[in-house]
Amino acid sequence: MAVKWYKIYDFEEDGYEPQQLYSVRTIDVKGKLLCLGRLPEGYVAVDDKCPHGAGGRLGMGKCDEHGIVTCPIHRYRYDLKTGKGLQSDYVNNYEVETRYDGVYIGIKQKNWWPF
Ligand code: FES
């Protein structure tokens, strides 16, 4: 499955540290809402919508020093590096690359060709 890369931070426009360490925020990448976190090892991204009943927005949650984000609704927790939930759910995670000019996120593209 092909991966398409989208620039989410431009170092020239946003500065070299556009997001604080251990913070999360919701970003919109072509209509897809993602929770973007920044950890010492780099940026990480998972689906923004919590899979638990009320569909809380993880980008409005809190990230701890272990890279675990806590949903703001019922406080389920997810590992931002793997997407694995500590209560057995999971969220999709996405590749994020820091390049010379900014930060890019890779979104897998669905094949439009049927075979
Ligand atoms: S909606 Fe996220 S924990 Fe319930």
# chains A, B, ... in the order shown; residues from 1 in each chain; ligands from 1

$ residues_near_ligand --ligand "ligand 1" --cutoff "12 Å" --atoms "only C-alpha atoms and all ligand atoms" --output "MDAnalysis selection string"
chainID A and resid 47:62 69:78 85:91

$ residues_around --residues "stretch 10-23 of chain A" --least-positions-apart "6" --cutoff "6 Å" --atoms "only C-alpha atoms" --output "list in words"
Gly37, Arg38, Leu39, Cys63, Asp101 and Gly102 of chain A

$ residues_around --residues "stretch 3-5 of chain A" --least-positions-apart "2" --cutoff "6 Å" --atoms "only C-alpha atoms" --output "list in words"
Ile105, Gly106, Ile107, Lys108 and Gln109 of chain A

$ atom_distance --atom1 "atom CA of A:Asn92" --atom2 "atom CA of A:Glu65"
20.7 Å

$ select_by_dssp --residues "chain A" --states "helix (DSSP H, G or I)" --output "ChimeraX atom specification"
/A:11-14,58-60

$ write_last_selection --atoms "N, CA and C atoms" --output "compact mmCIF listing (two decimals), in the first residue's frame"
# COMPACT_ATOMS: atom_id res chain seq x y z
N PHE A 11 9.64 24.17 9.21
CA PHE A 11 10.56 24.81 10.16
C PHE A 11 10.74 26.30 9.88
N GLU A 12 10.69 26.69 8.61
CA GLU A 12 10.86 28.10 8.28
C GLU A 12 9.68 28.93 8.80
N GLU A 13 8.48 28.40 8.67
CA GLU A 13 7.28 29.13 9.09
C GLU A 13 6.95 28.91 10.57
N ASP A 14 7.13 27.68 11.04
CA ASP A 14 6.69 27.32 12.39
C ASP A 14 7.80 27.33 13.43
N LEU A 58 -8.22 12.39 21.42
CA LEU A 58 -6.96 12.17 22.14
C LEU A 58 -6.05 13.39 22.07
N GLY A 59 -6.18 14.17 21.02
CA GLY A 59 -5.37 15.38 20.89
C GLY A 59 -5.72 16.43 21.93
N MET A 60 -6.83 16.23 22.64
CA MET A 60 -7.20 17.14 23.72
C MET A 60 -6.89 16.51 25.08

$ closest_residue --among "A:Ala45, A:Leu36, A:Ala2, A:Ile8" --to "A:Gly83" --atoms "only C-alpha atoms"
A:Ala45

$ select_by_dssp --residues "stretch 31-71 of chain A" --states "strand (DSSP E or B)" --output "MDAnalysis selection string"
chainID A and resid 32:39 42:47 49 57 62:63 68:70

$ write_last_selection --atoms "C-alpha atoms" --output "compact mmCIF listing (two decimals), in the first residue's frame"
# COMPACT_ATOMS: atom_id res chain seq x y z
CA LYS A 32 -8.37 12.99 8.69
CA LEU A 33 -8.08 13.98 12.34
CA LEU A 34 -4.91 12.76 14.03
CA CYS A 35 -3.42 13.13 17.47
CA LEU A 36 0.14 14.40 17.08
CA GLY A 37 2.49 14.06 20.03
CA ARG A 38 6.07 15.10 20.58
CA LEU A 39 8.38 12.84 22.58
CA GLY A 42 10.52 12.52 17.87
CA TYR A 43 6.99 13.16 16.72
CA VAL A 44 4.38 10.39 16.89
CA ALA A 45 0.84 10.22 15.59
CA VAL A 46 -2.25 8.09 16.17
CA ASP A 47 -5.91 8.42 15.27
CA LYS A 49 -10.71 9.51 17.92
CA ARG A 57 -10.37 13.40 21.09
CA LYS A 62 -2.67 14.65 28.29
CA CYS A 63 0.63 12.97 27.44
CA ILE A 68 1.11 7.58 27.07
CA VAL A 69 -1.84 9.78 26.14
CA THR A 70 -4.93 9.83 28.36

$ atom_distance --atom1 "atom CA of A:Leu80" --atom2 "atom CA of A:Asp64"
10.2 Å

$ atom_distance --atom1 "atom CA of A:Thr82" --atom2 "atom CA of A:Glu95"
10.5 Å
